[in-house]
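Encoded as structure tokens, the structure appears first; notes follow it.
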Amino acid sequence: VSIRAPLPHVFSIAADVEGWPGILPHYRRVRMLARSETGGIVEMAASRPFGPLRFPTWWVSRMTIDRAAGEISYTHLRGITRGMDVVWRLEPNAVGSEVTVEHRWTGPPWPLVGRSIARLVIGPIFIHGIASRTLAGIKRHAEGAQ
């Protein structure tokens, strides 16, 4: 997504995951369970709306912030998406910033159906649904908060 805001501003919003529930209505809570100089262990809980219903989701990740590379990465440690690797790449562009989010995951370790469930349901409905709302919300906040 292209964001009409300077890269340092966008990067700060993306890296401040504890502030996400205040700017992203689909995030129920975010807590740092352990901190390090470059990130830490973070517990996140979000909701995926389906019409008037909201389906709760939850996961714990190791978050690594690399400002020099313009990346924020996560390795999911707990939750249904355990084993998923996520990389946010933030780069300057002609209007301000370009943000790309990449998810790599083969699915839950369920014999016979794990990969199919991930490919047909969890990935497109939950992961994409939450990630697209997160990017849109960060864009809205960054562009409105200048």
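For the structure tokens, the naming scheme is as follows: chains receive sequential letters (A, B, ...) according to their order of presentation, residues are indexed from 1 within each chain, and ligands are indexed from 1 in presentation order.
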
Go through region 11-142 of chain A and collect every residue that DSSP, computed from the backbone, puts in strand (DSSP E); the answer should be as a ChimeraX atom specification. /A:27-36,39-50,53-66,71-78,85-93,96-104

May I have the residues within 9 Å of region 105-111 of chain A as a VMD selection string, using only C-alpha atoms and disregarding those fewer than 4 positions away in the same chain? chain A and resid 80 to 86 115 to 119 122 to 123

Those residues you just picked out, can you put them in a file as an mmCIF file, in the first residue's frame with all heavy atoms?
data_model
loop_
_atom_site.group_PDB
_atom_site.id
_atom_site.type_symbol
_atom_site.label_atom_id
_atom_site.label_comp_id
_atom_site.auth_asym_id
_atom_site.auth_seq_id
_atom_site.Cartn_x
_atom_site.Cartn_y
_atom_site.Cartn_z
ATOM 1 N N ILE A 80 -3.195 -20.570 16.214
ATOM 2 C CA ILE A 80 -3.406 -21.454 15.073
ATOM 3 C C ILE A 80 -2.382 -21.212 13.967
ATOM 4 O O ILE A 80 -2.074 -22.105 13.190
ATOM 5 C CB ILE A 80 -4.854 -21.350 14.552
ATOM 6 C CG1 ILE A 80 -5.177 -22.548 13.688
ATOM 7 C CG2 ILE A 80 -5.071 -20.039 13.829
ATOM 8 C CD1 ILE A 80 -6.644 -22.725 13.427
ATOM 9 N N THR A 81 -1.813 -19.998 13.912
ATOM 10 C CA THR A 81 -0.832 -19.659 12.878
ATOM 11 C C THR A 81 0.608 -19.893 13.323
ATOM 12 O O THR A 81 1.542 -19.375 12.695
ATOM 13 C CB THR A 81 -1.016 -18.198 12.427
ATOM 14 O OG1 THR A 81 -0.970 -17.358 13.585
ATOM 15 C CG2 THR A 81 -2.324 -18.010 11.689
ATOM 16 N N ARG A 82 0.800 -20.698 14.362
ATOM 17 C CA ARG A 82 2.155 -21.016 14.829
ATOM 18 C C ARG A 82 3.013 -21.475 13.645
ATOM 19 O O ARG A 82 2.581 -22.279 12.821
ATOM 20 C CB ARG A 82 2.093 -22.106 15.893
ATOM 21 C CG ARG A 82 3.462 -22.423 16.480
ATOM 22 C CD ARG A 82 3.381 -23.527 17.477
ATOM 23 N NE ARG A 82 2.784 -24.681 16.807
ATOM 24 C CZ ARG A 82 2.223 -25.700 17.434
ATOM 25 N NH1 ARG A 82 2.177 -25.745 18.735
ATOM 26 N NH2 ARG A 82 1.699 -26.695 16.757
ATOM 27 N N GLY A 83 4.227 -20.941 13.581
ATOM 28 C CA GLY A 83 5.134 -21.288 12.492
ATOM 29 C C GLY A 83 5.089 -20.318 11.321
ATOM 30 O O GLY A 83 5.927 -20.404 10.421
ATOM 31 N N MET A 84 4.147 -19.396 11.316
ATOM 32 C CA MET A 84 4.062 -18.433 10.222
ATOM 33 C C MET A 84 5.123 -17.349 10.395
ATOM 34 O O MET A 84 5.367 -16.883 11.500
ATOM 35 C CB MET A 84 2.673 -17.788 10.168
ATOM 36 C CG MET A 84 2.519 -16.817 9.000
ATOM 37 S SD MET A 84 0.819 -16.331 8.652
ATOM 38 C CE MET A 84 0.401 -15.466 10.149
ATOM 39 N N ASP A 85 5.743 -16.977 9.287
ATOM 40 C CA ASP A 85 6.690 -15.867 9.262
ATOM 41 C C ASP A 85 6.059 -14.718 8.493
ATOM 42 O O ASP A 85 5.483 -14.919 7.412
ATOM 43 C CB ASP A 85 8.003 -16.281 8.585
ATOM 44 C CG ASP A 85 8.778 -17.280 9.422
ATOM 45 O OD1 ASP A 85 8.882 -17.068 10.641
ATOM 46 O OD2 ASP A 85 9.274 -18.264 8.847
ATOM 47 N N VAL A 86 6.161 -13.531 9.058
ATOM 48 C CA VAL A 86 5.577 -12.331 8.462
ATOM 49 C C VAL A 86 6.672 -11.272 8.397
ATOM 50 O O VAL A 86 7.400 -11.074 9.364
ATOM 51 C CB VAL A 86 4.398 -11.800 9.308
ATOM 52 C CG1 VAL A 86 3.778 -10.569 8.667
ATOM 53 C CG2 VAL A 86 3.359 -12.888 9.541
ATOM 54 N N ARG A 115 -2.778 -28.051 5.276
ATOM 55 C CA ARG A 115 -2.429 -27.162 4.156
ATOM 56 C C ARG A 115 -3.673 -26.656 3.439
ATOM 57 O O ARG A 115 -3.744 -25.483 3.072
ATOM 58 C CB ARG A 115 -1.519 -27.874 3.162
ATOM 59 C CG ARG A 115 -0.100 -27.965 3.612
ATOM 60 C CD ARG A 115 0.754 -28.626 2.524
ATOM 61 N NE ARG A 115 2.071 -28.895 3.022
ATOM 62 C CZ ARG A 115 3.135 -28.175 2.696
ATOM 63 N NH1 ARG A 115 3.024 -27.179 1.876
ATOM 64 N NH2 ARG A 115 4.306 -28.479 3.204
ATOM 65 N N SER A 116 -4.634 -27.514 3.234
ATOM 66 C CA SER A 116 -5.861 -27.108 2.536
ATOM 67 C C SER A 116 -6.649 -26.079 3.334
ATOM 68 O O SER A 116 -7.125 -25.088 2.784
ATOM 69 C CB SER A 116 -6.751 -28.327 2.251
ATOM 70 O OG SER A 116 -6.100 -29.188 1.368
ATOM 71 N N ILE A 117 -6.785 -26.303 4.639
ATOM 72 C CA ILE A 117 -7.502 -25.349 5.496
ATOM 73 C C ILE A 117 -6.783 -23.999 5.469
ATOM 74 O O ILE A 117 -7.425 -22.947 5.394
ATOM 75 C CB ILE A 117 -7.606 -25.882 6.945
ATOM 76 C CG1 ILE A 117 -8.444 -27.138 6.996
ATOM 77 C CG2 ILE A 117 -8.118 -24.817 7.894
ATOM 78 C CD1 ILE A 117 -9.918 -26.943 6.802
ATOM 79 N N ALA A 118 -5.447 -24.020 5.514
ATOM 80 C CA ALA A 118 -4.683 -22.768 5.475
ATOM 81 C C ALA A 118 -4.889 -22.046 4.147
ATOM 82 O O ALA A 118 -5.117 -20.839 4.121
ATOM 83 C CB ALA A 118 -3.200 -23.047 5.700
ATOM 84 N N ARG A 119 -4.827 -22.784 3.051
ATOM 85 C CA ARG A 119 -4.923 -22.194 1.717
ATOM 86 C C ARG A 119 -6.333 -21.708 1.384
ATOM 87 O O ARG A 119 -6.519 -20.670 0.758
ATOM 88 C CB ARG A 119 -4.455 -23.208 0.673
ATOM 89 C CG ARG A 119 -4.256 -22.608 -0.706
ATOM 90 C CD ARG A 119 -3.758 -23.631 -1.726
ATOM 91 N NE ARG A 119 -4.865 -24.466 -2.178
ATOM 92 C CZ ARG A 119 -5.050 -25.745 -1.833
ATOM 93 N NH1 ARG A 119 -4.201 -26.347 -1.037
ATOM 94 N NH2 ARG A 119 -6.067 -26.431 -2.292
ATOM 95 N N ILE A 122 -8.048 -20.172 6.294
ATOM 96 C CA ILE A 122 -7.292 -19.341 7.233
ATOM 97 C C ILE A 122 -6.561 -18.216 6.509
ATOM 98 O O ILE A 122 -6.626 -17.057 6.923
ATOM 99 C CB ILE A 122 -6.327 -20.196 8.075
ATOM 100 C CG1 ILE A 122 -7.106 -21.230 8.895
ATOM 101 C CG2 ILE A 122 -5.499 -19.303 9.008
ATOM 102 C CD1 ILE A 122 -6.233 -22.282 9.578
ATOM 103 N N GLY A 123 -5.868 -18.533 5.428
ATOM 104 C CA GLY A 123 -5.114 -17.516 4.688
ATOM 105 C C GLY A 123 -5.983 -16.435 4.080
ATOM 106 O O GLY A 123 -5.871 -15.263 4.440
#

Fewer than 3 positions away in the same chain doesn't count, so skip those; otherwise give me all residues within 10 Å of region 124-134 of chain A, counting only C-alpha atoms, as a PDB file with C-alpha atoms, in the first residue's frame.
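Dumped to out-v5.pdb:
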ATOM      1  CA  VAL A   1       0.000   0.000   0.000  1.00  0.00           C
ATOM      2  CA  ALA A  14       3.875   0.176  12.257  1.00  0.00           C
ATOM      3  CA  TRP A  20      -2.615  -0.414  17.419  1.00  0.00           C
ATOM      4  CA  ILE A  23      -6.061   3.317  15.974  1.00  0.00           C
ATOM      5  CA  LEU A  24      -7.216  -0.023  14.536  1.00  0.00           C
ATOM      6  CA  PRO A  25     -10.762  -0.960  15.606  1.00  0.00           C
ATOM      7  CA  HIS A  26     -10.336  -4.654  14.729  1.00  0.00           C
ATOM      8  CA  TYR A  27      -7.490  -5.057  17.268  1.00  0.00           C
ATOM      9  CA  ALA A  46      -7.949  -9.104  16.740  1.00  0.00           C
ATOM     10  CA  SER A  47     -11.444  -9.681  15.403  1.00  0.00           C
ATOM     11  CA  ARG A  48     -12.397 -10.691  11.879  1.00  0.00           C
ATOM     12  CA  PRO A  49     -15.838  -9.280  11.057  1.00  0.00           C
ATOM     13  CA  PHE A  50     -18.424 -11.354   9.213  1.00  0.00           C
ATOM     14  CA  PHE A  55     -14.788 -13.803  15.078  1.00  0.00           C
ATOM     15  CA  THR A  57      -8.410 -14.390  16.756  1.00  0.00           C
ATOM     16  CA  THR A  81      -0.832 -19.659  12.878  1.00  0.00           C
ATOM     17  CA  VAL A 101       3.405  -7.337   4.083  1.00  0.00           C
ATOM     18  CA  GLU A 102       4.443 -10.883   3.225  1.00  0.00           C
ATOM     19  CA  HIS A 103       3.135 -13.984   5.028  1.00  0.00           C
ATOM     20  CA  ALA A 118      -4.683 -22.768   5.475  1.00  0.00           C
ATOM     21  CA  ARG A 119      -4.923 -22.194   1.717  1.00  0.00           C
ATOM     22  CA  LEU A 120      -8.728 -22.113   1.457  1.00  0.00           C
ATOM     23  CA  VAL A 121      -9.898 -20.615   4.774  1.00  0.00           C
ATOM     24  CA  GLY A 137      -5.930   1.547   9.220  1.00  0.00           C
ATOM     25  CA  ILE A 138      -2.245   2.425   9.414  1.00  0.00           C
ATOM     26  CA  LYS A 139      -2.569   4.281   6.097  1.00  0.00           C
ATOM     27  CA  ARG A 140      -5.620   6.190   7.352  1.00  0.00           C
TER      28      ARG A 140
END

If you measure from CA of Arg104 (chain A) to CA of Gly19 (chain A), what distance in Å do you get, rounded to one decimal?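 For CA of Arg104 (chain A) relative to CA of Gly19 (chain A), the distance reads 25.0 Å.
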
Could you work out how far CA of Arg28 (chain A) lies from CA of Val60 (chain A), giving the answer in Å with one decimal?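 Taking CA of Val60 (chain A) as the start and CA of Arg28 (chain A) as the end point, the length is 13.8 Å.
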
Please list as a ChimeraX atom specification every residue within 6 Å of Gly96 (chain A), counting only C-alpha atoms and excluding residues in the same chain fewer than 3 positions away. /A:3-6,92-93

Prev. selection, N, CA and C atoms, output as a compact mmCIF listing (two decimals), in the first residue's frame:
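Contents of out07.txt, freshly written:
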# COMPACT_ATOMS: atom_id res chain seq x y z
N ILE A 3 1.42 5.08 1.05
CA ILE A 3 0.94 5.95 2.11
C ILE A 3 1.56 7.33 1.91
N ARG A 4 0.71 8.34 1.88
CA ARG A 4 1.18 9.72 1.71
C ARG A 4 1.63 10.28 3.05
N ALA A 5 2.75 9.76 3.53
CA ALA A 5 3.35 10.19 4.79
C ALA A 5 4.82 9.78 4.77
N PRO A 6 5.67 10.54 5.44
CA PRO A 6 7.10 10.21 5.44
C PRO A 6 7.38 8.84 6.07
N PRO A 92 10.73 4.17 1.06
CA PRO A 92 10.25 5.45 0.55
C PRO A 92 9.76 5.29 -0.89
N ASN A 93 8.77 6.08 -1.27
CA ASN A 93 8.33 6.11 -2.67
C ASN A 93 8.03 7.57 -3.04

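Shortest atom-to-atom contact with Arg89 (chain A) among A:Leu112, A:Met32, A:Ala45, A:Ala15: A:Ala15, counting only C-alpha atoms.
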
Using the chain letters and numbers from this document, which residues of region 7-144 of chain A does DSSP assign to alpha helix (DSSP H), as an MDAnalysis selection string? chainID A and resid 7:15 20:23 114:117 128:144

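Among A:Glu18, A:Pro52, A:Glu143, A:Trp58, the residue with the shortest atom-to-atom distance to Gly39 (chain A), counting only C-alpha atoms, is A:Glu18.
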
Using only C-alpha atoms, determine which residues lie at most 12 Å from Arg35 (chain A), disregarding the query and same-chain residues fewer than 5 positions distant; provide the list as an MDAnalysis selection string. chainID A and resid 18 40:43 61:65

Filtering to N, CA, C and O atoms, could you give me those residues as an mmCIF file, in the first residue's frame?
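And here is the file that came out, part_27.cif:
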data_model
loop_
_atom_site.group_PDB
_atom_site.id
_atom_site.type_symbol
_atom_site.label_atom_id
_atom_site.label_comp_id
_atom_site.auth_asym_id
_atom_site.auth_seq_id
_atom_site.Cartn_x
_atom_site.Cartn_y
_atom_site.Cartn_z
ATOM 1 N N GLU A 18 1.768 -1.826 20.350
ATOM 2 C CA GLU A 18 0.942 -1.629 21.553
ATOM 3 C C GLU A 18 -0.068 -0.499 21.355
ATOM 4 O O GLU A 18 -1.096 -0.470 22.023
ATOM 5 N N GLY A 40 10.698 -7.972 20.661
ATOM 6 C CA GLY A 40 10.307 -8.767 21.809
ATOM 7 C C GLY A 40 9.245 -9.786 21.448
ATOM 8 O O GLY A 40 9.014 -10.097 20.283
ATOM 9 N N ILE A 41 8.600 -10.304 22.484
ATOM 10 C CA ILE A 41 7.514 -11.277 22.303
ATOM 11 C C ILE A 41 6.212 -10.512 22.510
ATOM 12 O O ILE A 41 6.021 -9.860 23.544
ATOM 13 N N VAL A 42 5.324 -10.588 21.536
ATOM 14 C CA VAL A 42 4.091 -9.807 21.564
ATOM 15 C C VAL A 42 2.876 -10.725 21.412
ATOM 16 O O VAL A 42 2.881 -11.643 20.602
ATOM 17 N N GLU A 43 1.878 -10.470 22.248
ATOM 18 C CA GLU A 43 0.594 -11.174 22.147
ATOM 19 C C GLU A 43 -0.393 -10.226 21.486
ATOM 20 O O GLU A 43 -0.527 -9.071 21.905
ATOM 21 N N SER A 61 3.769 -13.748 18.916
ATOM 22 C CA SER A 61 4.856 -13.705 17.940
ATOM 23 C C SER A 61 6.136 -13.156 18.544
ATOM 24 O O SER A 61 6.089 -12.364 19.481
ATOM 25 N N ARG A 62 7.241 -13.545 17.946
ATOM 26 C CA ARG A 62 8.522 -12.884 18.209
ATOM 27 C C ARG A 62 8.620 -11.777 17.163
ATOM 28 O O ARG A 62 8.579 -12.039 15.960
ATOM 29 N N MET A 63 8.698 -10.547 17.638
ATOM 30 C CA MET A 63 8.754 -9.378 16.758
ATOM 31 C C MET A 63 10.181 -8.852 16.723
ATOM 32 O O MET A 63 10.820 -8.707 17.773
ATOM 33 N N THR A 64 10.689 -8.568 15.523
ATOM 34 C CA THR A 64 12.023 -8.009 15.358
ATOM 35 C C THR A 64 11.918 -6.751 14.504
ATOM 36 O O THR A 64 11.383 -6.800 13.396
ATOM 37 N N ILE A 65 12.426 -5.644 15.047
ATOM 38 C CA ILE A 65 12.387 -4.363 14.344
ATOM 39 C C ILE A 65 13.785 -4.071 13.822
ATOM 40 O O ILE A 65 14.741 -4.014 14.595
#

Rank A:Arg67, A:Ser12, A:Pro21, A:Val95 by their smallest atom-to-atom distance to Glu37 (chain A), using only C-alpha atoms, and report the top residue only. A:Arg67
